[in-house]
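Notes to accompany the following structure.
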Amino acid sequence: MVEALKSGNISSVLLEMYVPVKRKDLFNGSWFVVTDVLEGEITHGVLLQGEGVKLAKEMKNLIAKNNIQTKYLQQDGGMKQSEDKSTSVVFFEPSSPYFLNSMLISTGLLLLAIACGLLYQAFCYKRLCRETGAEGTCRCYTVKKDIKKSVETFYRNFSKTYHRLREKHKAELINHVMVNTRTAQRKPVT
């Protein structure tokens, strides 16, 4: 309904008084104009007989006693705080007038951070290549060799663990199938 009103598919909306109070995130007064307030008593009715009449009286007394309407609107303090936060300006909501500028600035900052990170890595890499290691070669080559050795060790250990767990799982599956066939053979058919 809100989207249809915003897009212009409909020209107006008739709302119950509780809707704008309860949904302040949708009806915060920033995008719509109240053209008319209709005052009038609206009643609903059902035909009750027998025990239903007693139930209706009890419900009416319960609503009056517990002030249900006020509790519905207030609920608890946590809900009220979240509603207050939702009425503030939201930069990343597509319907906000600040959305396009927020996205452009965020994208620019992200690209700037990536460029700075790449420049830093290039600077560190060149510095490593200038330094000589213990073998007389550039330190960059030594670092690459150490990393390659670490990766190969990791791969070997991972492969061993994988194959061990795979064999264990196969054995468990075979054991499970054998147990199921034994129990199926033992059960008499009725």
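Order determines the names: the first chain of the structure tokens is A, the second B, and so forth; residues in each chain are numbered 1 upward, and ligands are numbered 1 upward as they are shown.
Summary of the local environment: counting only C-alpha atoms, residues at most 6 Å from region 126-130 of chain A, other than itself and those fewer than 2 positions away along its chain, are Phe123, Cys124, Cys138, Arg139 and Cys140 of chain A.
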* Asked: CA of Asn180 (chain A) and CA of Leu165 (chain A) are how many Å apart?
  ->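 Interatomic distance here is 22.3 Å.
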